[in-house]
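Input: a single structure, listed below in structure tokens.
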Amino acid sequence: MFSAGPDELYIAVKDAAISLGWAITDSNDVEWRLHLVAKTQFLLFMDDVHVDIQPLGCREGITSTAMHIQSRSRQGKADFAANAAHIQRLVKAVNKRLELGFTH
């Protein structure tokens with residue numbers, strides 16, 4: 001959950017994905033959804049990362065927005081924690097952008 005509006009969070013996610021070197025293969029600017037493709041650091045496998053942003057509302061002047069992230073390997077059964085790492089890297093990069101006041 002983030003203290004940001006859905007548009008601000010969506011833009012921060014897109015910018016974070018680009019800075020991580022991930023491809024944006026599909027996006028919906030109205031419903032705040034993204035399909036990203038990340039390469040694993042080990043063997044350079046392609047993994048699919050889906051992001052869904054949902055506004056939760058405004059309370060006491062603070063806007064809350066949820067970000068749901070799912071990362072899935074395209075190949076194999078063991079991911080060597082790559083999917084968890086994708087999620088952690090994305091959240092960290094988004095937090096950094098929001099802290100810096102990234103709004104465009």
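So you can find residues: chains in the structure tokens are A, B, ... in the order shown, residues in each start at 1, and ligands are numbered from 1 in order.
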Applying 12 Å and only C-alpha atoms, which residues near Lys92 (chain A) remain after dropping the ones on its own chain fewer than 4 positions away? List them as a ChimeraX atom specification. /A:12-13,16-17,19-20,85-88,96-99
Export of prior selection with N, CA, C and O atoms as a PDB file, in the first residue's frame:
ATOM      1  N   ALA A  12       5.171   5.997 -11.586  1.00  0.00           N
ATOM      2  CA  ALA A  12       6.385   5.577 -10.879  1.00  0.00           C
ATOM      3  C   ALA A  12       6.734   4.127 -11.215  1.00  0.00           C
ATOM      4  O   ALA A  12       7.913   3.789 -11.374  1.00  0.00           O
ATOM      5  N   VAL A  13       5.727   3.261 -11.341  1.00  0.00           N
ATOM      6  CA  VAL A  13       5.972   1.855 -11.695  1.00  0.00           C
ATOM      7  C   VAL A  13       6.545   1.764 -13.104  1.00  0.00           C
ATOM      8  O   VAL A  13       7.519   1.039 -13.341  1.00  0.00           O
ATOM      9  N   ALA A  16      10.097   2.990 -13.020  1.00  0.00           N
ATOM     10  CA  ALA A  16      10.943   2.024 -12.308  1.00  0.00           C
ATOM     11  C   ALA A  16      11.248   0.823 -13.186  1.00  0.00           C
ATOM     12  O   ALA A  16      12.394   0.356 -13.239  1.00  0.00           O
ATOM     13  N   ALA A  17      10.253   0.311 -13.891  1.00  0.00           N
ATOM     14  CA  ALA A  17      10.453  -0.845 -14.770  1.00  0.00           C
ATOM     15  C   ALA A  17      11.475  -0.529 -15.860  1.00  0.00           C
ATOM     16  O   ALA A  17      12.366  -1.337 -16.142  1.00  0.00           O
ATOM     17  N   SER A  19      13.830   1.748 -15.721  1.00  0.00           N
ATOM     18  CA  SER A  19      15.156   1.905 -15.118  1.00  0.00           C
ATOM     19  C   SER A  19      15.777   0.563 -14.743  1.00  0.00           C
ATOM     20  O   SER A  19      17.001   0.435 -14.699  1.00  0.00           O
ATOM     21  N   LEU A  20      14.938  -0.444 -14.479  1.00  0.00           N
ATOM     22  CA  LEU A  20      15.440  -1.784 -14.174  1.00  0.00           C
ATOM     23  C   LEU A  20      15.803  -2.563 -15.442  1.00  0.00           C
ATOM     24  O   LEU A  20      16.317  -3.672 -15.365  1.00  0.00           O
ATOM     25  N   ALA A  85      12.676 -11.809  -5.972  1.00  0.00           N
ATOM     26  CA  ALA A  85      13.644 -10.730  -6.195  1.00  0.00           C
ATOM     27  C   ALA A  85      13.086  -9.681  -7.145  1.00  0.00           C
ATOM     28  O   ALA A  85      13.305  -8.473  -6.942  1.00  0.00           O
ATOM     29  N   HIS A  86      12.356 -10.099  -8.177  1.00  0.00           N
ATOM     30  CA  HIS A  86      11.740  -9.136  -9.095  1.00  0.00           C
ATOM     31  C   HIS A  86      10.787  -8.218  -8.332  1.00  0.00           C
ATOM     32  O   HIS A  86      10.800  -6.993  -8.513  1.00  0.00           O
ATOM     33  N   ILE A  87       9.960  -8.817  -7.495  1.00  0.00           N
ATOM     34  CA  ILE A  87       8.985  -8.032  -6.733  1.00  0.00           C
ATOM     35  C   ILE A  87       9.696  -7.067  -5.793  1.00  0.00           C
ATOM     36  O   ILE A  87       9.353  -5.876  -5.735  1.00  0.00           O
ATOM     37  N   GLN A  88      10.696  -7.535  -5.090  1.00  0.00           N
ATOM     38  CA  GLN A  88      11.439  -6.673  -4.170  1.00  0.00           C
ATOM     39  C   GLN A  88      12.138  -5.534  -4.894  1.00  0.00           C
ATOM     40  O   GLN A  88      12.118  -4.381  -4.427  1.00  0.00           O
ATOM     41  N   LYS A  96      11.599   4.532  -4.175  1.00  0.00           N
ATOM     42  CA  LYS A  96      12.620   5.560  -4.415  1.00  0.00           C
ATOM     43  C   LYS A  96      12.064   6.708  -5.245  1.00  0.00           C
ATOM     44  O   LYS A  96      12.262   7.871  -4.940  1.00  0.00           O
ATOM     45  N   ARG A  97      11.311   6.371  -6.298  1.00  0.00           N
ATOM     46  CA  ARG A  97      10.741   7.408  -7.151  1.00  0.00           C
ATOM     47  C   ARG A  97       9.698   8.242  -6.411  1.00  0.00           C
ATOM     48  O   ARG A  97       9.627   9.440  -6.583  1.00  0.00           O
ATOM     49  N   LEU A  98       8.894   7.587  -5.602  1.00  0.00           N
ATOM     50  CA  LEU A  98       7.872   8.326  -4.849  1.00  0.00           C
ATOM     51  C   LEU A  98       8.503   9.230  -3.785  1.00  0.00           C
ATOM     52  O   LEU A  98       8.042  10.341  -3.561  1.00  0.00           O
ATOM     53  N   GLU A  99       9.581   8.754  -3.151  1.00  0.00           N
ATOM     54  CA  GLU A  99      10.290   9.576  -2.169  1.00  0.00           C
ATOM     55  C   GLU A  99      10.910  10.803  -2.815  1.00  0.00           C
ATOM     56  O   GLU A  99      10.977  11.870  -2.202  1.00  0.00           O
TER      57      GLU A  99
END
Just list the residues in chain A DSSP gives helix (DSSP H, G or I) on the backbone, as JSON, numbers by chain. {"A": [6, 7, 8, 9, 10, 11, 12, 13, 14, 15, 16, 17, 18, 19, 82, 83, 84, 85, 86, 87, 88, 89, 90, 91, 92, 93, 94, 95, 96, 97, 98, 99]}
Nearest-residue call for Ile69 (chain A), choices A:Ser3, A:Asp26, A:Leu44, A:Asp52, using only C-alpha atoms: A:Asp52
Pick out the residues sitting within 7 Å of Pro6 (chain A), and hand them over as an MDAnalysis selection string; count only C-alpha atoms, and ignore anything fewer than 4 positions along from it in its own chain. chainID A and resid 10 53:55 65
Just-selected residues, all heavy atoms written as a CSV table (one decimal), in the first residue's frame:
chain,number,residue,atom,x,y,z
A,10,TYR,N,1.2,4.7,-10.8
A,10,TYR,CA,1.3,4.0,-12.1
A,10,TYR,C,2.5,4.6,-12.9
A,10,TYR,O,3.3,3.8,-13.4
A,10,TYR,CB,0.0,4.2,-12.9
A,10,TYR,CG,0.0,3.6,-14.2
A,10,TYR,CD1,-0.2,2.3,-14.4
A,10,TYR,CD2,0.1,4.4,-15.4
A,10,TYR,CE1,-0.3,1.7,-15.6
A,10,TYR,CE2,0.0,3.8,-16.6
A,10,TYR,CZ,-0.2,2.5,-16.8
A,10,TYR,OH,-0.3,1.9,-18.0
A,53,ILE,N,-2.8,-1.8,-10.1
A,53,ILE,CA,-2.9,-0.7,-9.2
A,53,ILE,C,-4.4,-0.4,-8.9
A,53,ILE,O,-5.2,-0.2,-9.8
A,53,ILE,CB,-2.2,0.5,-9.7
A,53,ILE,CG1,-0.7,0.2,-9.8
A,53,ILE,CG2,-2.4,1.7,-8.8
A,53,ILE,CD1,0.1,1.2,-10.5
A,54,GLN,N,-4.7,-0.3,-7.6
A,54,GLN,CA,-6.1,-0.1,-7.2
A,54,GLN,C,-6.2,1.0,-6.2
A,54,GLN,O,-5.6,0.9,-5.1
A,54,GLN,CB,-6.7,-1.4,-6.6
A,54,GLN,CG,-6.8,-2.5,-7.5
A,54,GLN,CD,-7.4,-3.7,-6.9
A,54,GLN,OE1,-7.1,-4.0,-5.7
A,54,GLN,NE2,-8.2,-4.4,-7.6
A,55,PRO,N,-7.0,2.1,-6.5
A,55,PRO,CA,-7.1,3.1,-5.5
A,55,PRO,C,-8.0,2.6,-4.3
A,55,PRO,O,-8.9,1.9,-4.5
A,55,PRO,CB,-7.9,4.2,-6.3
A,55,PRO,CG,-8.5,3.5,-7.4
A,55,PRO,CD,-7.7,2.3,-7.7
A,65,THR,N,-3.3,3.8,-2.1
A,65,THR,CA,-3.4,3.0,-3.3
A,65,THR,C,-2.7,1.7,-3.1
A,65,THR,O,-1.6,1.7,-2.5
A,65,THR,CB,-2.8,3.8,-4.5
A,65,THR,OG1,-3.4,5.1,-4.6
A,65,THR,CG2,-2.9,3.1,-5.8
For Trp32 (chain A), the nearest of the candidates A:Met67, A:Cys58, A:Met46, A:Ala82, counting only C-alpha atoms: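 Of the candidates, the smallest distance to Trp32 (chain A) is held by A:Met67.
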When distances are computed from only C-alpha atoms, which of A:Arg89, A:Lys39, A:Ile18, A:Asp47 shows the smallest separation from Gln75 (chain A)?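 That would be A:Asp47, the residue with the smallest distance to Gln75 (chain A).
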Test item: residues at most 6 Å from Leu34 (chain A), only C-alpha atoms, excluding those fewer than 3 positions along its chain, as an NGL selection string: :A and (26-27 or 50-51)
Could you find all residues in region 7-96 of chain A that DSSP calls strand (DSSP E or B) from the backbone, and write them as a ChimeraX atom specification? /A:23-28,33-39,46-59,62-73
Residue subset to file, keeping N, CA, C and O atoms, as a short mmCIF file (atom, residue, chain, number, x, y, z; two decimals), in the first residue's frame:
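Once everything was written out, this is out.cif:
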data_model
loop_
_atom_site.label_atom_id
_atom_site.label_comp_id
_atom_site.auth_asym_id
_atom_site.auth_seq_id
_atom_site.Cartn_x
_atom_site.Cartn_y
_atom_site.Cartn_z
N ALA A 23 11.08 -4.80 -19.96
CA ALA A 23 10.24 -4.41 -21.09
C ALA A 23 8.79 -4.25 -20.62
O ALA A 23 8.31 -5.06 -19.83
N ILE A 24 8.13 -3.22 -21.11
CA ILE A 24 6.70 -3.05 -20.87
C ILE A 24 6.01 -3.60 -22.11
O ILE A 24 6.06 -2.99 -23.17
N THR A 25 5.40 -4.77 -21.98
CA THR A 25 4.79 -5.41 -23.14
C THR A 25 3.32 -5.07 -23.29
O THR A 25 2.77 -5.22 -24.38
N ASP A 26 2.68 -4.64 -22.22
CA ASP A 26 1.28 -4.23 -22.29
C ASP A 26 1.00 -3.28 -21.14
O ASP A 26 1.53 -3.47 -20.04
N SER A 27 0.19 -2.27 -21.41
CA SER A 27 -0.18 -1.34 -20.35
C SER A 27 -1.59 -0.81 -20.61
O SER A 27 -2.02 -0.71 -21.75
N ASN A 28 -2.28 -0.53 -19.53
CA ASN A 28 -3.61 0.05 -19.59
C ASN A 28 -3.62 1.26 -18.67
O ASN A 28 -3.69 1.12 -17.44
N ARG A 33 -2.93 -0.98 -15.20
CA ARG A 33 -2.39 -2.34 -15.24
C ARG A 33 -1.19 -2.39 -16.17
O ARG A 33 -1.17 -1.73 -17.20
N LEU A 34 -0.22 -3.20 -15.79
CA LEU A 34 0.99 -3.36 -16.59
C LEU A 34 1.39 -4.82 -16.69
O LEU A 34 1.24 -5.58 -15.72
N HIS A 35 1.91 -5.19 -17.85
CA HIS A 35 2.57 -6.48 -18.02
C HIS A 35 4.01 -6.16 -18.37
O HIS A 35 4.29 -5.51 -19.38
N LEU A 36 4.92 -6.61 -17.53
CA LEU A 36 6.34 -6.35 -17.70
C LEU A 36 7.06 -7.67 -17.93
O LEU A 36 6.59 -8.73 -17.50
N VAL A 37 8.21 -7.61 -18.57
CA VAL A 37 9.04 -8.79 -18.74
C VAL A 37 10.42 -8.47 -18.17
O VAL A 37 11.07 -7.50 -18.58
N ALA A 38 10.83 -9.29 -17.21
CA ALA A 38 12.12 -9.12 -16.56
C ALA A 38 13.00 -10.31 -16.90
O ALA A 38 12.51 -11.44 -17.01
N LYS A 39 14.29 -10.05 -17.07
CA LYS A 39 15.25 -11.14 -17.28
C LYS A 39 15.86 -11.51 -15.94
O LYS A 39 16.21 -10.64 -15.14
N MET A 46 13.41 -15.27 -19.14
CA MET A 46 12.40 -14.21 -19.16
C MET A 46 11.28 -14.57 -18.18
O MET A 46 10.77 -15.69 -18.22
N ASP A 47 10.93 -13.63 -17.32
CA ASP A 47 9.84 -13.82 -16.37
C ASP A 47 8.79 -12.74 -16.59
O ASP A 47 9.11 -11.60 -16.93
N ASP A 48 7.53 -13.12 -16.40
CA ASP A 48 6.42 -12.18 -16.56
C ASP A 48 6.06 -11.57 -15.21
O ASP A 48 5.89 -12.28 -14.22
N VAL A 49 5.95 -10.25 -15.19
CA VAL A 49 5.57 -9.53 -13.98
C VAL A 49 4.30 -8.74 -14.31
O VAL A 49 4.29 -7.92 -15.22
N HIS A 50 3.24 -9.02 -13.56
CA HIS A 50 1.97 -8.32 -13.75
C HIS A 50 1.74 -7.39 -12.56
O HIS A 50 1.90 -7.79 -11.41
N VAL A 51 1.37 -6.14 -12.87
CA VAL A 51 1.12 -5.14 -11.84
C VAL A 51 -0.29 -4.61 -12.02
O VAL A 51 -0.68 -4.23 -13.13
N ASP A 52 -1.03 -4.57 -10.93
CA ASP A 52 -2.39 -4.05 -10.92
C ASP A 52 -2.48 -3.03 -9.79
O ASP A 52 -2.21 -3.35 -8.63
N ILE A 53 -2.83 -1.80 -10.13
CA ILE A 53 -2.91 -0.72 -9.15
C ILE A 53 -4.38 -0.41 -8.87
O ILE A 53 -5.16 -0.25 -9.80
N GLN A 54 -4.72 -0.34 -7.58
CA GLN A 54 -6.11 -0.10 -7.19
C GLN A 54 -6.18 1.03 -6.17
O GLN A 54 -5.57 0.94 -5.10
N PRO A 55 -6.95 2.08 -6.47
CA PRO A 55 -7.14 3.14 -5.48
C PRO A 55 -7.98 2.62 -4.32
O PRO A 55 -8.95 1.89 -4.53
N LEU A 56 -7.59 2.97 -3.11
CA LEU A 56 -8.32 2.53 -1.93
C LEU A 56 -9.16 3.64 -1.32
O LEU A 56 -10.06 3.38 -0.55
N GLY A 57 -8.82 4.88 -1.64
CA GLY A 57 -9.60 6.00 -1.13
C GLY A 57 -8.72 7.05 -0.47
O GLY A 57 -7.49 6.95 -0.45
N CYS A 58 -9.40 8.02 0.09
CA CYS A 58 -8.71 9.13 0.74
C CYS A 58 -9.27 9.27 2.16
O CYS A 58 -10.48 9.32 2.35
N ARG A 59 -8.37 9.32 3.13
CA ARG A 59 -8.78 9.47 4.51
C ARG A 59 -7.90 10.52 5.17
O ARG A 59 -6.67 10.43 5.09
N ILE A 62 -5.13 11.95 3.06
CA ILE A 62 -4.07 11.06 2.56
C ILE A 62 -4.69 10.03 1.64
O ILE A 62 -5.59 9.28 2.03
N THR A 63 -4.21 9.99 0.40
CA THR A 63 -4.69 9.03 -0.59
C THR A 63 -3.93 7.72 -0.42
O THR A 63 -2.71 7.72 -0.28
N SER A 64 -4.66 6.62 -0.44
CA SER A 64 -4.05 5.29 -0.34
C SER A 64 -4.32 4.51 -1.62
O SER A 64 -5.43 4.51 -2.14
N THR A 65 -3.29 3.85 -2.09
CA THR A 65 -3.38 3.05 -3.31
C THR A 65 -2.65 1.73 -3.09
O THR A 65 -1.55 1.71 -2.54
N ALA A 66 -3.28 0.64 -3.53
CA ALA A 66 -2.66 -0.68 -3.42
C ALA A 66 -2.00 -1.06 -4.73
O ALA A 66 -2.50 -0.71 -5.81
N MET A 67 -0.88 -1.76 -4.63
CA MET A 67 -0.21 -2.28 -5.81
C MET A 67 -0.07 -3.80 -5.64
O MET A 67 0.58 -4.26 -4.71
N HIS A 68 -0.70 -4.55 -6.53
CA HIS A 68 -0.62 -5.99 -6.53
C HIS A 68 0.39 -6.40 -7.60
O HIS A 68 0.27 -5.99 -8.75
N ILE A 69 1.35 -7.23 -7.20
CA ILE A 69 2.40 -7.65 -8.13
C ILE A 69 2.45 -9.18 -8.14
O ILE A 69 2.44 -9.82 -7.09
N GLN A 70 2.53 -9.73 -9.34
CA GLN A 70 2.71 -11.17 -9.49
C GLN A 70 3.84 -11.40 -10.49
O GLN A 70 3.83 -10.84 -11.58
N SER A 71 4.81 -12.19 -10.09
CA SER A 71 5.92 -12.52 -10.97
C SER A 71 5.92 -14.03 -11.19
O SER A 71 5.81 -14.80 -10.24
N ARG A 72 6.04 -14.42 -12.46
CA ARG A 72 5.98 -15.83 -12.83
C ARG A 72 7.08 -16.18 -13.81
O ARG A 72 7.30 -15.48 -14.78
N SER A 73 7.70 -17.31 -13.57
CA SER A 73 8.72 -17.81 -14.49
C SER A 73 8.05 -18.41 -15.71
O SER A 73 7.01 -19.04 -15.61
#
How many Å lie between CA of Glu60 (chain A) and CA of Glu8 (chain A), rounded to one decimal?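 Between CA of Glu60 (chain A) and CA of Glu8 (chain A) the gap is 18.8 Å.
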What is the CA of Lys14 (chain A) to CA of Lys77 (chain A) distance in Å?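 Computed distance, CA of Lys14 (chain A) to CA of Lys77 (chain A), equals 28.2 Å.
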One decimal place gives the CA of Asp15 (chain A)-CA of Val94 (chain A) separation as 8.1 Å
